[in-house]
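Below is one structure; the comments refer to it alone.
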Amino acid sequence: MPETGPIFLLGLQRGGTNQILNALRSHPDTYWPNGELHEVLRPRRPSSLAALRCWAGYLPTLMRRGDVLNPRRPPGPLGARDLKWLHAALMRACADNTGEVRRYRRALAEQGFGPEAGPFGSRLVVKLVNYNVGLAPDLARIYPDATFIGLMRDPFGICESMMARGARPETILPLYRYVGERLLDLEAQGLPVTIIRLEDMVADFRQVVETVYAACGLDANATSGLCLQRKERVLAPDGRLVGMNKIDTFHAFDSVNAHMRKDVNRAARAGLPPQAVNGVLHSCSALMERFGYATPGDAR
């Protein structure tokens, strides 16, 4: 059981990864960068000196391998120099986030969910989403003692949620297959990956957290709750979106289920147009069976 290596959380946007990420962040043995892998190593735009520094570090890899950190396209294999850069850049991003990690831990301690003081965490936690999941084998080369946690969700739920934000099924469904197949590939290769489902997390959050902690070699008794960060839009007087505020909310593990929508996937299926439902069934049936998801025909 790994007890020293980094922990990589792999999943899809709109797939529930933030809840598990925050459970991992809430353990006193962990530390992390301020964002997902692509956000801290490939900023959306160079709007600050820190972002310019990230892009400058990424430029040699970008020229050799293409935009491999782009979560909207499958990555190619990385070379030795790229792996060395990725490790160094990730460590720098974590060092830059030390203040936030300490604030997060103090806030948990004030709520009675963690130790009041102690050594800085030794387990790196990083989230990869969408096509960045394909970087997992490269990360295993950098960190042979890494642990991977994969999170899946019913494809109807993913499809409806992404479509509500402007994505199209012809973009969503290949992405869903890619992530699901990469997780199964990691499992087939014998890498230490534990695959969980959003639906099981909704049914019994505490049990899933204990499963994740055990897979990572983390002491489940070291913390009894977590901090969830709710996002609120910041609007200008004319109604333009100018930013997002993160609002901390604290929950005991046993109470998190009350804050999760039990009908999330049923509502998603009902809201999808027929052509999208047919697309999911045509494209994802094999993965649905592999991950234990029922199709509409199974209910009859």
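Letters for chains follow the order of the structure tokens (A, B, ...), residue numbers begin at 1 for each chain, and ligand numbers begin at 1 in the order shown.
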
Using only C-alpha atoms, find each residue in range 113-204 of chain A having at least one atom no more than 6 Å away from range 29-35 of chain A; report its shortest atom-to-atom pair and that distance in Å (one decimal), rows by chain then rising number, as JSON lines.
```
{"residue": "A:Gly121", "atom": "CA", "partner": "A:Asp29", "partner_atom": "CA", "distance": 4.0}
{"residue": "A:Ser122", "atom": "CA", "partner": "A:Asp29", "partner_atom": "CA", "distance": 5.6}
{"residue": "A:Arg123", "atom": "CA", "partner": "A:Thr30", "partner_atom": "CA", "distance": 4.5}
{"residue": "A:Leu124", "atom": "CA", "partner": "A:Tyr31", "partner_atom": "CA", "distance": 5.2}
{"residue": "A:Val125", "atom": "CA", "partner": "A:Trp32", "partner_atom": "CA", "distance": 5.1}
```

Atoms to include: C-alpha atoms. Write the selected residues as an mmCIF file, in the first residue's frame.
```cif
data_model
loop_
_atom_site.group_PDB
_atom_site.id
_atom_site.type_symbol
_atom_site.label_atom_id
_atom_site.label_comp_id
_atom_site.auth_asym_id
_atom_site.auth_seq_id
_atom_site.Cartn_x
_atom_site.Cartn_y
_atom_site.Cartn_z
ATOM 1 C CA GLY A 121 1.823 17.409 4.593
ATOM 2 C CA SER A 122 4.076 14.970 2.744
ATOM 3 C CA ARG A 123 1.619 13.600 0.147
ATOM 4 C CA LEU A 124 1.161 15.580 -3.044
ATOM 5 C CA VAL A 125 -2.430 15.618 -4.382
#
```

Rounded to one decimal, what separation in Å do you get between CA of Asp138 in chain A and CA of Gly79 in chain A? 9.0 Å

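For the atom pair formed by CA of Tyr131 in chain A and CA of Arg64 in chain A, the distance is 18.8 Å, given to one decimal.
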
Residue neighbourhood range 103-115 of chain A, 8 Å, only C-alpha atoms, exclusion window fewer than 5 positions, as a PyMOL selection string: chain A and resi 26-28+222-227+250+252

Might you pull out every residue within 9 Å of Leu9 in chain A, with only C-alpha atoms counted and same-chain residues fewer than 5 positions away left off, and present them as number ranges by chain? A: 17, 20-21, 125-129, 133, 147-151

Could you please take those selected residues and save N, CA, C and O atoms as a JSON list (two decimals), in the first residue's frame?
```
[["chain", "number", "residue", "atom", "x", "y", "z"],
["A", 17, "THR", "N", -15.43, 15.27, -9.20],
["A", 17, "THR", "CA", -14.07, 15.15, -8.68],
["A", 17, "THR", "C", -13.77, 16.12, -7.54],
["A", 17, "THR", "O", -12.93, 15.83, -6.69],
["A", 20, "ILE", "N", -14.18, 14.56, -3.92],
["A", 20, "ILE", "CA", -13.09, 13.68, -3.51],
["A", 20, "ILE", "C", -11.79, 14.47, -3.34],
["A", 20, "ILE", "O", -11.00, 14.21, -2.43],
["A", 21, "LEU", "N", -11.56, 15.43, -4.22],
["A", 21, "LEU", "CA", -10.37, 16.27, -4.08],
["A", 21, "LEU", "C", -10.36, 16.96, -2.72],
["A", 21, "LEU", "O", -9.33, 16.97, -2.03],
["A", 125, "VAL", "N", -1.14, 15.95, -3.76],
["A", 125, "VAL", "CA", -2.43, 15.62, -4.38],
["A", 125, "VAL", "C", -2.64, 16.53, -5.58],
["A", 125, "VAL", "O", -2.56, 17.76, -5.45],
["A", 126, "VAL", "N", -2.89, 15.95, -6.75],
["A", 126, "VAL", "CA", -3.10, 16.72, -7.97],
["A", 126, "VAL", "C", -4.28, 16.12, -8.74],
["A", 126, "VAL", "O", -4.38, 14.89, -8.86],
["A", 127, "LYS", "N", -5.13, 16.99, -9.26],
["A", 127, "LYS", "CA", -6.27, 16.53, -10.05],
["A", 127, "LYS", "C", -6.00, 16.74, -11.54],
["A", 127, "LYS", "O", -5.52, 17.80, -11.96],
["A", 128, "LEU", "N", -6.32, 15.71, -12.35],
["A", 128, "LEU", "CA", -6.24, 15.78, -13.81],
["A", 128, "LEU", "C", -7.63, 15.51, -14.36],
["A", 128, "LEU", "O", -8.28, 14.54, -13.95],
["A", 129, "VAL", "N", -8.08, 16.33, -15.29],
["A", 129, "VAL", "CA", -9.41, 16.14, -15.85],
["A", 129, "VAL", "C", -9.35, 16.03, -17.37],
["A", 129, "VAL", "O", -8.40, 16.48, -18.02],
["A", 133, "VAL", "N", -6.09, 13.12, -18.38],
["A", 133, "VAL", "CA", -6.03, 11.80, -17.76],
["A", 133, "VAL", "C", -5.03, 10.91, -18.52],
["A", 133, "VAL", "O", -4.40, 10.03, -17.94],
["A", 147, "THR", "N", -0.09, 6.89, -6.48],
["A", 147, "THR", "CA", -1.39, 6.23, -6.40],
["A", 147, "THR", "C", -2.37, 7.01, -7.28],
["A", 147, "THR", "O", -2.35, 8.25, -7.29],
["A", 148, "PHE", "N", -3.23, 6.30, -8.00],
["A", 148, "PHE", "CA", -4.21, 6.94, -8.88],
["A", 148, "PHE", "C", -5.62, 6.62, -8.39],
["A", 148, "PHE", "O", -5.93, 5.45, -8.11],
["A", 149, "ILE", "N", -6.44, 7.64, -8.32],
["A", 149, "ILE", "CA", -7.86, 7.48, -7.98],
["A", 149, "ILE", "C", -8.66, 7.96, -9.19],
["A", 149, "ILE", "O", -8.56, 9.12, -9.59],
["A", 150, "GLY", "N", -9.41, 7.05, -9.79],
["A", 150, "GLY", "CA", -10.25, 7.40, -10.94],
["A", 150, "GLY", "C", -11.70, 7.54, -10.52],
["A", 150, "GLY", "O", -12.20, 6.75, -9.71],
["A", 151, "LEU", "N", -12.37, 8.55, -11.04],
["A", 151, "LEU", "CA", -13.78, 8.78, -10.70],
["A", 151, "LEU", "C", -14.60, 8.80, -11.98],
["A", 151, "LEU", "O", -14.31, 9.56, -12.91]]
```

Please report, as a tab-separated table, each residue of range 125-188 of chain A lying at most 9 Å from range 272-290 of chain A, together with the nearest pair of atoms and the separation in Å rounded to one decimal; use only C-alpha atoms, and order rows by chain and ascending residue number.
```
residue	atom	partner	partner_atom	distance
A:Asp154	CA	A:Met288	CA	7.3
A:Pro155	CA	A:Val280	CA	6.8
A:Phe156	CA	A:Val280	CA	6.8
A:Cys159	CA	A:Ala276	CA	7.9
A:Glu160	CA	A:Leu272	CA	6.0
A:Met163	CA	A:Leu272	CA	8.8
A:Pro169	CA	A:Ala276	CA	6.4
A:Glu170	CA	A:Gly279	CA	8.4
A:Leu173	CA	A:Ser283	CA	6.8
A:Pro174	CA	A:Ser283	CA	7.9
A:Tyr176	CA	A:Cys284	CA	7.9
A:Arg177	CA	A:Cys284	CA	6.6
A:Gly180	CA	A:Leu287	CA	6.9
A:Glu181	CA	A:Leu287	CA	7.8
```

Write the residues of the selection above to a file with all heavy atoms, as a short mmCIF file (atom, residue, chain, number, x, y, z; two decimals), in the first residue's frame.
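The file below, selection_12.cif, is the result:
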```
data_model
loop_
_atom_site.label_atom_id
_atom_site.label_comp_id
_atom_site.auth_asym_id
_atom_site.auth_seq_id
_atom_site.Cartn_x
_atom_site.Cartn_y
_atom_site.Cartn_z
N ASP A 154 -22.19 8.20 -14.46
CA ASP A 154 -23.11 7.76 -15.51
C ASP A 154 -22.98 8.71 -16.71
O ASP A 154 -23.05 9.93 -16.55
CB ASP A 154 -24.54 7.79 -14.96
CG ASP A 154 -25.57 7.22 -15.92
OD1 ASP A 154 -25.60 7.67 -17.08
OD2 ASP A 154 -26.34 6.35 -15.51
N PRO A 155 -22.79 8.20 -17.93
CA PRO A 155 -22.58 9.08 -19.09
C PRO A 155 -23.77 9.97 -19.40
O PRO A 155 -23.59 11.06 -19.97
CB PRO A 155 -22.29 8.11 -20.24
CG PRO A 155 -22.87 6.81 -19.81
CD PRO A 155 -22.71 6.77 -18.32
N PHE A 156 -24.98 9.54 -19.04
CA PHE A 156 -26.13 10.42 -19.24
C PHE A 156 -25.98 11.69 -18.40
O PHE A 156 -26.29 12.79 -18.86
CB PHE A 156 -27.43 9.71 -18.87
CG PHE A 156 -27.81 8.60 -19.81
CD1 PHE A 156 -27.62 7.28 -19.44
CD2 PHE A 156 -28.33 8.86 -21.05
CE1 PHE A 156 -27.96 6.24 -20.28
CE2 PHE A 156 -28.68 7.83 -21.92
CZ PHE A 156 -28.49 6.52 -21.53
N CYS A 159 -23.19 13.89 -19.91
CA CYS A 159 -23.63 14.48 -21.17
C CYS A 159 -24.58 15.65 -20.92
O CYS A 159 -24.42 16.74 -21.48
CB CYS A 159 -24.30 13.41 -22.03
SG CYS A 159 -24.55 13.89 -23.76
N GLU A 160 -25.58 15.45 -20.05
CA GLU A 160 -26.54 16.52 -19.79
C GLU A 160 -25.87 17.73 -19.16
O GLU A 160 -26.13 18.87 -19.53
CB GLU A 160 -27.65 15.99 -18.88
CG GLU A 160 -28.81 16.96 -18.68
CD GLU A 160 -28.58 17.97 -17.58
OE1 GLU A 160 -27.72 17.72 -16.69
OE2 GLU A 160 -29.23 19.03 -17.59
N MET A 163 -23.67 19.47 -21.77
CA MET A 163 -24.51 20.12 -22.78
C MET A 163 -25.13 21.40 -22.23
O MET A 163 -25.29 22.39 -22.95
CB MET A 163 -25.59 19.16 -23.27
CG MET A 163 -25.07 18.07 -24.20
SD MET A 163 -26.39 16.96 -24.77
CE MET A 163 -27.37 18.08 -25.80
N PRO A 169 -22.77 16.75 -27.99
CA PRO A 169 -22.54 15.31 -27.78
C PRO A 169 -21.37 14.76 -28.57
O PRO A 169 -20.65 13.89 -28.08
CB PRO A 169 -23.87 14.68 -28.22
CG PRO A 169 -24.89 15.75 -28.01
CD PRO A 169 -24.18 17.04 -28.31
N GLU A 170 -21.14 15.26 -29.79
CA GLU A 170 -20.04 14.74 -30.59
C GLU A 170 -18.67 15.08 -30.00
O GLU A 170 -17.66 14.48 -30.37
CB GLU A 170 -20.12 15.24 -32.03
CG GLU A 170 -20.24 16.74 -32.19
CD GLU A 170 -21.69 17.21 -32.30
OE1 GLU A 170 -22.57 16.60 -31.67
OE2 GLU A 170 -21.91 18.19 -33.03
N LEU A 173 -18.98 12.68 -25.97
CA LEU A 173 -18.95 11.22 -25.92
C LEU A 173 -17.57 10.63 -26.21
O LEU A 173 -17.13 9.70 -25.52
CB LEU A 173 -20.02 10.65 -26.85
CG LEU A 173 -21.45 11.06 -26.47
CD1 LEU A 173 -22.46 10.52 -27.47
CD2 LEU A 173 -21.79 10.61 -25.06
N PRO A 174 -16.81 11.14 -27.21
CA PRO A 174 -15.42 10.65 -27.35
C PRO A 174 -14.57 10.92 -26.11
O PRO A 174 -13.72 10.11 -25.75
CB PRO A 174 -14.90 11.41 -28.57
CG PRO A 174 -16.12 11.78 -29.35
CD PRO A 174 -17.17 12.06 -28.31
N TYR A 176 -15.70 11.07 -22.98
CA TYR A 176 -16.11 10.10 -21.96
C TYR A 176 -15.46 8.75 -22.20
O TYR A 176 -14.93 8.12 -21.27
CB TYR A 176 -17.64 9.97 -21.96
CG TYR A 176 -18.16 9.10 -20.84
CD1 TYR A 176 -18.48 9.66 -19.61
CD2 TYR A 176 -18.32 7.73 -21.01
CE1 TYR A 176 -18.95 8.86 -18.57
CE2 TYR A 176 -18.79 6.94 -19.97
CZ TYR A 176 -19.10 7.50 -18.76
OH TYR A 176 -19.57 6.70 -17.73
N ARG A 177 -15.49 8.31 -23.46
CA ARG A 177 -14.86 7.02 -23.77
C ARG A 177 -13.37 7.06 -23.48
O ARG A 177 -12.79 6.11 -22.96
CB ARG A 177 -15.09 6.65 -25.25
CG ARG A 177 -16.51 6.29 -25.59
CD ARG A 177 -16.57 5.52 -26.92
NE ARG A 177 -15.81 6.17 -27.97
CZ ARG A 177 -16.30 7.09 -28.78
NH1 ARG A 177 -17.56 7.48 -28.65
NH2 ARG A 177 -15.55 7.63 -29.72
N GLY A 180 -12.76 6.87 -19.64
CA GLY A 180 -13.09 5.55 -19.13
C GLY A 180 -12.10 4.49 -19.59
O GLY A 180 -11.66 3.64 -18.80
N GLU A 181 -11.73 4.53 -20.85
CA GLU A 181 -10.78 3.54 -21.40
C GLU A 181 -9.39 3.71 -20.81
O GLU A 181 -8.69 2.72 -20.57
CB GLU A 181 -10.75 3.64 -22.92
CG GLU A 181 -12.04 3.14 -23.58
CD GLU A 181 -12.15 3.51 -25.04
OE1 GLU A 181 -11.24 4.21 -25.54
OE2 GLU A 181 -13.15 3.14 -25.67
#
```

Filtered DSSP result for range 91-217 of chain A, state alpha helix (DSSP H), as a ChimeraX atom specification: /A:91-96,98-110,136-142,155-163,169-188,198-203,205-216

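Separating CA of Val193 in chain A from CA of Gln207 in chain A is a distance of 17.4 Å.
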
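Near Pro71 in chain A, within 12 Å and counting only C-alpha atoms, sit Leu10, Gly11, Leu12, Gln13, Glu36, Leu37, His38, Glu39, Leu41, Arg42, Pro43, Arg44, Asp67, Pro75, Lys127, Leu128, Val129, Asn130, Tyr131, Asn132, Val133, Gly134, Leu135, Leu175, Tyr178 and Val179 of chain A; same-chain residues fewer than 4 positions away were not included.
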
For N, CA, C and O atoms, I'd like the residues from the last selection saved as an mmCIF file, in the first residue's frame.
```
data_model
loop_
_atom_site.group_PDB
_atom_site.id
_atom_site.type_symbol
_atom_site.label_atom_id
_atom_site.label_comp_id
_atom_site.auth_asym_id
_atom_site.auth_seq_id
_atom_site.Cartn_x
_atom_site.Cartn_y
_atom_site.Cartn_z
ATOM 1 N N LEU A 10 -8.106 11.379 -11.083
ATOM 2 C CA LEU A 10 -8.372 11.389 -12.519
ATOM 3 C C LEU A 10 -9.864 11.329 -12.772
ATOM 4 O O LEU A 10 -10.560 10.470 -12.221
ATOM 5 N N GLY A 11 -10.379 12.219 -13.619
ATOM 6 C CA GLY A 11 -11.808 12.172 -13.910
ATOM 7 C C GLY A 11 -12.218 13.173 -14.961
ATOM 8 O O GLY A 11 -11.383 13.734 -15.676
ATOM 9 N N LEU A 12 -13.497 13.393 -15.029
ATOM 10 C CA LEU A 12 -14.104 14.295 -15.994
ATOM 11 C C LEU A 12 -14.625 15.541 -15.296
ATOM 12 O O LEU A 12 -15.107 15.466 -14.155
ATOM 13 N N GLN A 13 -14.544 16.679 -15.968
ATOM 14 C CA GLN A 13 -15.258 17.842 -15.466
ATOM 15 C C GLN A 13 -16.742 17.518 -15.409
ATOM 16 O O GLN A 13 -17.268 16.795 -16.254
ATOM 17 N N GLU A 36 -6.049 22.530 -10.978
ATOM 18 C CA GLU A 36 -5.795 21.269 -11.664
ATOM 19 C C GLU A 36 -4.460 21.347 -12.398
ATOM 20 O O GLU A 36 -3.900 22.421 -12.586
ATOM 21 N N LEU A 37 -3.965 20.191 -12.834
ATOM 22 C CA LEU A 37 -2.631 20.144 -13.435
ATOM 23 C C LEU A 37 -2.484 21.167 -14.558
ATOM 24 O O LEU A 37 -1.512 21.929 -14.601
ATOM 25 N N HIS A 38 -3.448 21.214 -15.475
ATOM 26 C CA HIS A 38 -3.298 22.122 -16.606
ATOM 27 C C HIS A 38 -3.438 23.577 -16.188
ATOM 28 O O HIS A 38 -2.882 24.469 -16.829
ATOM 29 N N GLU A 39 -4.161 23.842 -15.100
ATOM 30 C CA GLU A 39 -4.358 25.221 -14.665
ATOM 31 C C GLU A 39 -3.091 25.816 -14.067
ATOM 32 O O GLU A 39 -2.850 27.024 -14.197
ATOM 33 N N LEU A 41 0.137 24.560 -14.641
ATOM 34 C CA LEU A 41 1.301 24.434 -15.529
ATOM 35 C C LEU A 41 1.046 25.025 -16.916
ATOM 36 O O LEU A 41 1.987 25.230 -17.676
ATOM 37 N N ARG A 42 -0.201 25.271 -17.238
ATOM 38 C CA ARG A 42 -0.568 25.831 -18.541
ATOM 39 C C ARG A 42 -1.715 26.828 -18.311
ATOM 40 O O ARG A 42 -2.867 26.535 -18.566
ATOM 41 N N PRO A 43 -1.435 28.000 -17.775
ATOM 42 C CA PRO A 43 -2.499 28.966 -17.475
ATOM 43 C C PRO A 43 -3.321 29.309 -18.716
ATOM 44 O O PRO A 43 -2.828 29.247 -19.843
ATOM 45 N N ARG A 44 -4.563 29.644 -18.475
ATOM 46 C CA ARG A 44 -5.450 29.952 -19.606
ATOM 47 C C ARG A 44 -4.929 31.110 -20.433
ATOM 48 O O ARG A 44 -4.976 31.107 -21.644
ATOM 49 N N ASP A 67 0.831 20.839 -27.703
ATOM 50 C CA ASP A 67 0.133 21.326 -26.502
ATOM 51 C C ASP A 67 -0.366 20.139 -25.671
ATOM 52 O O ASP A 67 -1.568 19.901 -25.535
ATOM 53 N N PRO A 75 -3.062 13.766 -25.191
ATOM 54 C CA PRO A 75 -1.629 14.095 -25.209
ATOM 55 C C PRO A 75 -0.824 13.022 -25.914
ATOM 56 O O PRO A 75 -1.245 11.869 -26.036
ATOM 57 N N LYS A 127 -5.126 16.987 -9.261
ATOM 58 C CA LYS A 127 -6.269 16.526 -10.054
ATOM 59 C C LYS A 127 -5.997 16.736 -11.541
ATOM 60 O O LYS A 127 -5.516 17.804 -11.955
ATOM 61 N N LEU A 128 -6.320 15.712 -12.349
ATOM 62 C CA LEU A 128 -6.241 15.782 -13.809
ATOM 63 C C LEU A 128 -7.625 15.507 -14.360
ATOM 64 O O LEU A 128 -8.278 14.536 -13.946
ATOM 65 N N VAL A 129 -8.077 16.333 -15.287
ATOM 66 C CA VAL A 129 -9.409 16.142 -15.852
ATOM 67 C C VAL A 129 -9.348 16.033 -17.369
ATOM 68 O O VAL A 129 -8.403 16.480 -18.017
ATOM 69 N N ASN A 130 -10.396 15.402 -17.894
ATOM 70 C CA ASN A 130 -10.594 15.271 -19.328
ATOM 71 C C ASN A 130 -9.382 14.609 -19.989
ATOM 72 O O ASN A 130 -8.884 13.616 -19.497
ATOM 73 N N TYR A 131 -8.894 15.115 -21.098
ATOM 74 C CA TYR A 131 -7.834 14.427 -21.828
ATOM 75 C C TYR A 131 -6.502 14.412 -21.081
ATOM 76 O O TYR A 131 -5.617 13.616 -21.420
ATOM 77 N N ASN A 132 -6.350 15.263 -20.068
ATOM 78 C CA ASN A 132 -5.120 15.194 -19.266
ATOM 79 C C ASN A 132 -4.990 13.867 -18.526
ATOM 80 O O ASN A 132 -3.889 13.505 -18.091
ATOM 81 N N VAL A 133 -6.095 13.124 -18.384
ATOM 82 C CA VAL A 133 -6.028 11.798 -17.765
ATOM 83 C C VAL A 133 -5.030 10.915 -18.522
ATOM 84 O O VAL A 133 -4.399 10.025 -17.937
ATOM 85 N N GLY A 134 -4.853 11.167 -19.819
ATOM 86 C CA GLY A 134 -3.910 10.399 -20.616
ATOM 87 C C GLY A 134 -2.459 10.585 -20.214
ATOM 88 O O GLY A 134 -1.585 9.844 -20.681
ATOM 89 N N LEU A 135 -2.173 11.554 -19.347
ATOM 90 C CA LEU A 135 -0.805 11.763 -18.862
ATOM 91 C C LEU A 135 -0.446 10.837 -17.706
ATOM 92 O O LEU A 135 0.699 10.843 -17.242
ATOM 93 N N LEU A 175 -14.809 12.061 -25.464
ATOM 94 C CA LEU A 175 -14.079 12.382 -24.237
ATOM 95 C C LEU A 175 -14.413 11.379 -23.139
ATOM 96 O O LEU A 175 -13.525 10.874 -22.444
ATOM 97 N N TYR A 178 -12.735 8.150 -23.846
ATOM 98 C CA TYR A 178 -11.287 8.268 -23.646
ATOM 99 C C TYR A 178 -10.938 8.122 -22.165
ATOM 100 O O TYR A 178 -10.043 7.344 -21.801
ATOM 101 N N VAL A 179 -11.616 8.863 -21.311
ATOM 102 C CA VAL A 179 -11.305 8.818 -19.881
ATOM 103 C C VAL A 179 -11.590 7.433 -19.316
ATOM 104 O O VAL A 179 -10.767 6.854 -18.600
#
```

Rank nothing, just name the residue among A:Gln189, A:Thr4, A:Thr61, A:Asn18 nearest to Pro137 in chain A, using only C-alpha atoms. A:Gln189

Write out as a VMD selection string each polymer residue whose atoms come within 8 Å of Arg14 in chain A, counting only C-alpha atoms; drop sequence neighbours fewer than 3 positions from it. chain A and resid 17 158 161 to 162

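Here the question is which of A:Thr249, A:Thr194, A:Ser255, A:Gln19 gets nearest to Val212 in chain A using only C-alpha atoms, and that residue is A:Thr194.
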